[in-house]
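Peer 1: This is the structure I have questions about; it appears just below.
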Amino acid sequence: MSVRTVLQLGDPGLRELAKRVDDPAAPGIRALAADLADTLAFWREKTGYGRGIAAPQIGVNWRVIFLKLPGDDPWPLVNPEITWRSTEKIVVWDACLSFLSIFMQVERHREIKVCYQDLNGQHCEVLAGEERNLSELLQHEIDHLDGILAVDRITDIKTLCTREEFEKRYRAASPYAK
């Protein structure tokens, strides 16, 4: 479809609560998923970053996220909802296509269960853990649907750093390592 503009930190659209999708199989939702895929692929190619994107990041206020993990098939999730969270938490490095010049450490649940619908409206469920950093990625993207950004979850302001410092000091031990 097309590469869309990614809203940047400070845009009020990133703080809105996204609306539930009534018909995940609607042509407009399929087109949205294609735009999310194209936009994510563009940024991944341009920057080396980007494993997921949420519809609000391109100015569309629907509960849709799109993931593309290296080596995996594209994965659109409609109306994703976290239905269970482990009590154990982890601290991870986080960044966002909406503020790719800054990184920070955030706290996330080690494991979560997510219920969602696919583009055919089929109800699905996934138990996500640290494997492939799926738990933290899903939490990050679902937060976007609730108007929550990684900067809202920073564990310590002292972990806030520029992309250049992250690259130099921390990337090799992160999920972004090539």
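Here, A, B, ... name the chains of the structure tokens in the order displayed, residue numbers run from 1 inside each chain, and ligands are numbered from 1 in the same displayed order.
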If we count only C-alpha atoms and set the cut-off at 12 Å, which residues sit around Ala95 (chain A), ignoring sequence neighbours fewer than 5 positions away in its own chain? Please answer as a VMD selection string.

Peer 2: chain A and resid 9 49 to 53 100 to 106 136 to 137 140 to 141 149 to 154 159 to 163 166 to 167 171 174 to 176

Peer 1: Only N, CA, C and O atoms, please: the residues just picked out, written as a short mmCIF file (atom, residue, chain, number, x, y, z; two decimals), in the first residue's frame.

Peer 2:
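Written out: again11.cif:
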```cif
data_model
loop_
_atom_site.label_atom_id
_atom_site.label_comp_id
_atom_site.auth_asym_id
_atom_site.auth_seq_id
_atom_site.Cartn_x
_atom_site.Cartn_y
_atom_site.Cartn_z
N LEU A 9 7.04 12.14 19.06
CA LEU A 9 6.84 12.47 20.46
C LEU A 9 6.39 13.92 20.58
O LEU A 9 7.02 14.81 20.03
N TYR A 49 16.22 -0.30 12.89
CA TYR A 49 15.32 -0.46 14.03
C TYR A 49 13.89 -0.65 13.55
O TYR A 49 13.53 -0.20 12.48
N GLY A 50 13.09 -1.30 14.39
CA GLY A 50 11.68 -1.44 14.09
C GLY A 50 11.28 -2.89 14.00
O GLY A 50 11.59 -3.57 13.02
N ARG A 51 10.64 -3.38 15.05
CA ARG A 51 10.10 -4.75 15.07
C ARG A 51 8.59 -4.73 15.13
O ARG A 51 7.95 -5.74 14.91
N GLY A 52 8.03 -3.57 15.43
CA GLY A 52 6.59 -3.46 15.53
C GLY A 52 6.15 -2.01 15.40
O GLY A 52 6.96 -1.09 15.56
N ILE A 53 4.87 -1.84 15.09
CA ILE A 53 4.29 -0.51 14.95
C ILE A 53 2.81 -0.61 15.27
O ILE A 53 2.18 -1.64 15.03
N LEU A 100 12.97 7.99 17.83
CA LEU A 100 14.09 7.08 17.59
C LEU A 100 15.45 7.66 17.97
O LEU A 100 16.45 6.97 17.95
N SER A 101 15.48 8.90 18.37
CA SER A 101 16.76 9.49 18.76
C SER A 101 17.06 9.30 20.24
O SER A 101 18.15 9.64 20.69
N ILE A 102 16.10 8.74 21.01
CA ILE A 102 16.35 8.52 22.44
C ILE A 102 15.99 7.09 22.84
O ILE A 102 15.08 6.47 22.30
N PHE A 103 16.76 6.59 23.80
CA PHE A 103 16.56 5.25 24.36
C PHE A 103 16.48 5.37 25.86
O PHE A 103 17.00 6.32 26.45
N MET A 104 15.85 4.39 26.49
CA MET A 104 15.73 4.38 27.94
C MET A 104 15.45 2.97 28.41
O MET A 104 15.08 2.11 27.61
N GLN A 105 15.65 2.73 29.70
CA GLN A 105 15.28 1.44 30.26
C GLN A 105 13.88 1.55 30.86
O GLN A 105 13.54 2.55 31.50
N VAL A 106 13.09 0.50 30.61
CA VAL A 106 11.73 0.44 31.12
C VAL A 106 11.52 -0.90 31.82
O VAL A 106 12.25 -1.86 31.58
N GLU A 136 8.10 -8.06 25.85
CA GLU A 136 8.31 -6.61 25.96
C GLU A 136 7.84 -5.89 24.71
O GLU A 136 7.30 -4.78 24.78
N LEU A 137 7.98 -6.50 23.55
CA LEU A 137 7.53 -5.88 22.31
C LEU A 137 6.01 -5.72 22.28
O LEU A 137 5.48 -4.66 21.96
N HIS A 140 4.95 -2.98 24.63
CA HIS A 140 5.25 -1.67 24.05
C HIS A 140 4.17 -1.26 23.04
O HIS A 140 3.63 -0.15 23.09
N GLU A 141 3.86 -2.18 22.12
CA GLU A 141 2.89 -1.85 21.06
C GLU A 141 1.47 -1.69 21.61
O GLU A 141 0.72 -0.80 21.19
N LEU A 149 3.38 5.76 26.29
CA LEU A 149 4.65 5.69 25.57
C LEU A 149 5.74 5.14 26.47
O LEU A 149 5.64 5.23 27.70
N ALA A 150 6.80 4.63 25.87
CA ALA A 150 7.91 4.08 26.65
C ALA A 150 8.47 5.11 27.63
O ALA A 150 8.88 4.75 28.73
N VAL A 151 8.48 6.37 27.24
CA VAL A 151 9.00 7.40 28.15
C VAL A 151 8.17 7.48 29.44
O VAL A 151 8.68 7.93 30.47
N ASP A 152 6.93 7.03 29.40
CA ASP A 152 6.08 7.02 30.60
C ASP A 152 6.49 5.90 31.55
O ASP A 152 6.09 5.91 32.71
N ARG A 153 7.22 4.94 31.06
CA ARG A 153 7.58 3.76 31.85
C ARG A 153 9.07 3.72 32.22
O ARG A 153 9.56 2.70 32.69
N ILE A 154 9.78 4.79 32.01
CA ILE A 154 11.21 4.82 32.29
C ILE A 154 11.47 4.46 33.76
O ILE A 154 10.76 4.91 34.65
N THR A 159 18.91 6.52 32.87
CA THR A 159 19.10 5.59 31.75
C THR A 159 18.79 6.23 30.41
O THR A 159 19.10 5.65 29.36
N LEU A 160 18.17 7.39 30.41
CA LEU A 160 17.84 8.09 29.18
C LEU A 160 19.12 8.45 28.44
O LEU A 160 20.04 9.03 29.02
N CYS A 161 19.20 8.05 27.16
CA CYS A 161 20.41 8.35 26.39
C CYS A 161 20.06 8.55 24.92
O CYS A 161 18.98 8.16 24.47
N THR A 162 20.99 9.13 24.21
CA THR A 162 20.78 9.33 22.78
C THR A 162 20.98 8.01 22.04
O THR A 162 21.57 7.06 22.56
N ARG A 163 20.54 7.98 20.83
CA ARG A 163 20.73 6.80 19.98
C ARG A 163 22.22 6.50 19.80
O ARG A 163 22.63 5.35 19.85
N PHE A 166 23.51 4.84 22.89
CA PHE A 166 22.98 3.48 22.95
C PHE A 166 23.76 2.57 22.01
O PHE A 166 24.16 1.47 22.38
N GLU A 167 23.98 3.05 20.78
CA GLU A 167 24.72 2.26 19.78
C GLU A 167 26.12 1.90 20.30
O GLU A 167 26.56 0.76 20.18
N ARG A 171 23.91 -1.53 22.45
CA ARG A 171 23.20 -2.23 21.38
C ARG A 171 23.55 -3.71 21.31
O ARG A 171 22.68 -4.55 21.09
N SER A 174 21.36 -5.98 23.28
CA SER A 174 19.92 -5.65 23.20
C SER A 174 19.22 -6.47 22.13
O SER A 174 19.87 -7.10 21.30
N PRO A 175 17.89 -6.44 22.10
CA PRO A 175 17.17 -7.14 21.03
C PRO A 175 17.39 -6.53 19.66
O PRO A 175 17.03 -7.11 18.66
N TYR A 176 18.02 -5.35 19.62
CA TYR A 176 18.27 -4.69 18.35
C TYR A 176 19.60 -5.10 17.73
O TYR A 176 19.95 -4.63 16.64
#
```

Peer 1: Excluding same-chain residues fewer than 2 positions from region 56-68 of chain A, what lies within 8 Å of it counting only C-alpha atoms, as a JSON list (two decimals) with C-alpha atoms, in the first residue's frame?

Peer 2:
```
[["chain", "number", "residue", "atom", "x", "y", "z"],
["A", 4, "ARG", "CA", 2.92, 6.58, 6.12],
["A", 5, "THR", "CA", 4.34, 9.39, 8.25],
["A", 6, "VAL", "CA", 5.12, 8.28, 11.82],
["A", 7, "LEU", "CA", 3.82, 10.69, 14.46],
["A", 8, "GLN", "CA", 6.59, 12.00, 16.71],
["A", 13, "GLY", "CA", -2.43, 11.72, 18.55],
["A", 14, "LEU", "CA", 0.02, 9.42, 20.34],
["A", 16, "GLU", "CA", -5.33, 9.07, 22.46],
["A", 17, "LEU", "CA", -7.09, 5.86, 23.43],
["A", 18, "ALA", "CA", -7.51, 3.76, 20.28],
["A", 19, "LYS", "CA", -10.95, 2.45, 19.32],
["A", 20, "ARG", "CA", -11.87, -1.21, 19.10],
["A", 21, "VAL", "CA", -12.24, -2.60, 15.57],
["A", 33, "ALA", "CA", -2.24, -3.55, 8.11],
["A", 36, "LEU", "CA", 1.73, -0.55, 8.84],
["A", 37, "ALA", "CA", 3.81, -3.28, 7.17],
["A", 51, "ARG", "CA", 10.10, -4.75, 15.07],
["A", 52, "GLY", "CA", 6.59, -3.46, 15.53],
["A", 53, "ILE", "CA", 4.29, -0.51, 14.95],
["A", 54, "ALA", "CA", 0.85, 0.51, 16.17],
["A", 70, "PRO", "CA", 13.43, -11.18, 11.68],
["A", 72, "ASP", "CA", 9.14, -14.66, 10.98],
["A", 73, "ASP", "CA", 6.03, -14.03, 8.91],
["A", 74, "PRO", "CA", 4.34, -10.62, 9.17],
["A", 75, "TRP", "CA", 1.95, -10.58, 12.13],
["A", 76, "PRO", "CA", -1.00, -8.17, 12.29],
["A", 77, "LEU", "CA", -2.97, -8.21, 15.56],
["A", 78, "VAL", "CA", -6.41, -6.63, 15.78],
["A", 79, "ASN", "CA", -7.90, -5.66, 19.16],
["A", 80, "PRO", "CA", -4.97, -7.12, 21.13],
["A", 98, "SER", "CA", 8.05, 7.93, 17.35],
["A", 141, "GLU", "CA", 2.89, -1.85, 21.06],
["A", 142, "ILE", "CA", -0.27, -2.43, 23.12],
["A", 144, "HIS", "CA", 0.49, 2.68, 22.13],
["A", 145, "LEU", "CA", -3.17, 1.68, 21.80]]
```

Peer 1: A:Glu130, A:Asp146, A:Asp38, A:Glu125: which is nearest Glu88 (chain A), counting only C-alpha atoms?

Peer 2: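 For Glu88 (chain A), the nearest of the candidates is A:Glu130.
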
Peer 1: Let's see if you can do this: from backbone DSSP, list all alpha helix (DSSP H) residues in chain A, as a compact mmCIF listing (two decimals) with N, CA, C and O atoms, in the first residue's frame.

Peer 2:
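selection_3.txt, written as the output of this step:
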```txt
# COMPACT_ATOMS: atom_id res chain seq x y z
N PRO A 27 -12.08 -4.41 4.53
CA PRO A 27 -11.02 -3.99 3.61
C PRO A 27 -10.15 -2.85 4.18
O PRO A 27 -8.94 -2.82 3.96
N GLY A 28 -10.77 -1.93 4.90
CA GLY A 28 -10.00 -0.81 5.48
C GLY A 28 -8.98 -1.26 6.51
O GLY A 28 -7.90 -0.66 6.63
N ILE A 29 -9.30 -2.32 7.24
CA ILE A 29 -8.37 -2.84 8.25
C ILE A 29 -7.23 -3.58 7.55
O ILE A 29 -6.07 -3.48 7.94
N ARG A 30 -7.55 -4.30 6.50
CA ARG A 30 -6.49 -4.96 5.72
C ARG A 30 -5.56 -3.93 5.08
O ARG A 30 -4.33 -4.10 5.07
N ALA A 31 -6.12 -2.84 4.58
CA ALA A 31 -5.30 -1.77 4.00
C ALA A 31 -4.44 -1.11 5.09
O ALA A 31 -3.26 -0.80 4.84
N LEU A 32 -5.00 -0.93 6.27
CA LEU A 32 -4.24 -0.38 7.39
C LEU A 32 -3.06 -1.29 7.74
O LEU A 32 -1.94 -0.82 7.93
N ALA A 33 -3.31 -2.59 7.81
CA ALA A 33 -2.24 -3.55 8.11
C ALA A 33 -1.14 -3.48 7.04
O ALA A 33 0.05 -3.54 7.36
N ALA A 34 -1.52 -3.32 5.79
CA ALA A 34 -0.54 -3.21 4.71
C ALA A 34 0.28 -1.92 4.86
O ALA A 34 1.50 -1.93 4.66
N ASP A 35 -0.37 -0.82 5.21
CA ASP A 35 0.34 0.44 5.43
C ASP A 35 1.31 0.32 6.61
O ASP A 35 2.43 0.83 6.57
N LEU A 36 0.86 -0.33 7.68
CA LEU A 36 1.73 -0.55 8.84
C LEU A 36 2.95 -1.38 8.43
O LEU A 36 4.08 -1.08 8.81
N ALA A 37 2.72 -2.43 7.64
CA ALA A 37 3.81 -3.28 7.17
C ALA A 37 4.80 -2.48 6.34
O ALA A 37 6.02 -2.59 6.53
N ASP A 38 4.30 -1.69 5.40
CA ASP A 38 5.18 -0.90 4.53
C ASP A 38 5.96 0.14 5.32
O ASP A 38 7.15 0.36 5.08
N THR A 39 5.29 0.78 6.26
CA THR A 39 5.93 1.82 7.07
C THR A 39 7.02 1.21 7.95
O THR A 39 8.14 1.73 8.03
N LEU A 40 6.71 0.08 8.59
CA LEU A 40 7.69 -0.59 9.43
C LEU A 40 8.90 -1.05 8.60
O LEU A 40 10.05 -0.87 9.01
N ALA A 41 8.65 -1.63 7.43
CA ALA A 41 9.73 -2.10 6.57
C ALA A 41 10.63 -0.93 6.13
O ALA A 41 11.86 -1.06 6.10
N PHE A 42 10.02 0.18 5.82
CA PHE A 42 10.77 1.36 5.42
C PHE A 42 11.73 1.80 6.54
O PHE A 42 12.91 2.02 6.30
N TRP A 43 11.20 1.91 7.76
CA TRP A 43 12.03 2.37 8.87
C TRP A 43 13.08 1.33 9.26
O TRP A 43 14.20 1.69 9.63
N ARG A 44 12.74 0.06 9.14
CA ARG A 44 13.72 -0.98 9.45
C ARG A 44 14.88 -0.91 8.45
O ARG A 44 16.04 -1.01 8.83
N GLU A 45 14.56 -0.72 7.20
CA GLU A 45 15.59 -0.61 6.15
C GLU A 45 16.42 0.65 6.34
O GLU A 45 17.64 0.62 6.20
N LYS A 46 15.77 1.75 6.69
CA LYS A 46 16.45 3.03 6.80
C LYS A 46 17.32 3.13 8.05
O LYS A 46 18.40 3.72 8.01
N THR A 47 16.87 2.54 9.18
CA THR A 47 17.55 2.77 10.45
C THR A 47 18.11 1.51 11.11
O THR A 47 18.92 1.62 12.03
N LEU A 134 9.54 -11.11 22.81
CA LEU A 134 8.16 -10.91 22.38
C LEU A 134 7.30 -10.25 23.45
O LEU A 134 6.47 -9.40 23.15
N SER A 135 7.50 -10.62 24.71
CA SER A 135 6.69 -10.04 25.78
C SER A 135 6.86 -8.53 25.84
O SER A 135 5.88 -7.78 25.85
N GLU A 136 8.10 -8.06 25.85
CA GLU A 136 8.31 -6.61 25.96
C GLU A 136 7.84 -5.89 24.71
O GLU A 136 7.30 -4.78 24.78
N LEU A 137 7.98 -6.50 23.55
CA LEU A 137 7.53 -5.88 22.31
C LEU A 137 6.01 -5.72 22.28
O LEU A 137 5.48 -4.66 21.96
N LEU A 138 5.30 -6.79 22.64
CA LEU A 138 3.84 -6.70 22.67
C LEU A 138 3.36 -5.67 23.69
O LEU A 138 2.42 -4.91 23.41
N GLN A 139 4.01 -5.62 24.84
CA GLN A 139 3.61 -4.62 25.85
C GLN A 139 3.83 -3.20 25.32
O GLN A 139 2.98 -2.32 25.50
N HIS A 140 4.95 -2.98 24.63
CA HIS A 140 5.25 -1.67 24.05
C HIS A 140 4.17 -1.26 23.04
O HIS A 140 3.63 -0.15 23.09
N GLU A 141 3.86 -2.18 22.12
CA GLU A 141 2.89 -1.85 21.06
C GLU A 141 1.47 -1.69 21.61
O GLU A 141 0.72 -0.80 21.19
N ILE A 142 1.07 -2.54 22.54
CA ILE A 142 -0.27 -2.43 23.12
C ILE A 142 -0.38 -1.15 23.95
O ILE A 142 -1.43 -0.51 23.96
N ASP A 143 0.71 -0.75 24.60
CA ASP A 143 0.70 0.55 25.30
C ASP A 143 0.32 1.67 24.34
O ASP A 143 -0.43 2.59 24.71
N HIS A 144 0.84 1.64 23.11
CA HIS A 144 0.49 2.68 22.13
C HIS A 144 -1.02 2.79 21.95
O HIS A 144 -1.55 3.89 21.75
N LEU A 145 -1.72 1.67 22.00
CA LEU A 145 -3.17 1.68 21.80
C LEU A 145 -3.89 2.36 22.96
O LEU A 145 -5.04 2.78 22.84
N ARG A 163 20.54 7.98 20.83
CA ARG A 163 20.73 6.80 19.98
C ARG A 163 22.22 6.50 19.80
O ARG A 163 22.63 5.35 19.85
N GLU A 164 23.01 7.54 19.63
CA GLU A 164 24.45 7.36 19.43
C GLU A 164 25.09 6.68 20.64
O GLU A 164 25.92 5.78 20.49
N GLU A 165 24.74 7.11 21.84
CA GLU A 165 25.29 6.50 23.05
C GLU A 165 24.79 5.07 23.21
O GLU A 165 25.54 4.18 23.61
N PHE A 166 23.51 4.84 22.89
CA PHE A 166 22.98 3.48 22.95
C PHE A 166 23.76 2.57 22.01
O PHE A 166 24.16 1.47 22.38
N GLU A 167 23.98 3.05 20.78
CA GLU A 167 24.72 2.26 19.78
C GLU A 167 26.12 1.90 20.30
O GLU A 167 26.56 0.76 20.18
N LYS A 168 26.78 2.86 20.88
CA LYS A 168 28.15 2.68 21.33
C LYS A 168 28.24 1.76 22.55
O LYS A 168 29.12 0.92 22.63
N ARG A 169 27.31 1.89 23.49
CA ARG A 169 27.45 1.23 24.78
C ARG A 169 26.57 -0.01 24.99
O ARG A 169 26.95 -0.90 25.74
```
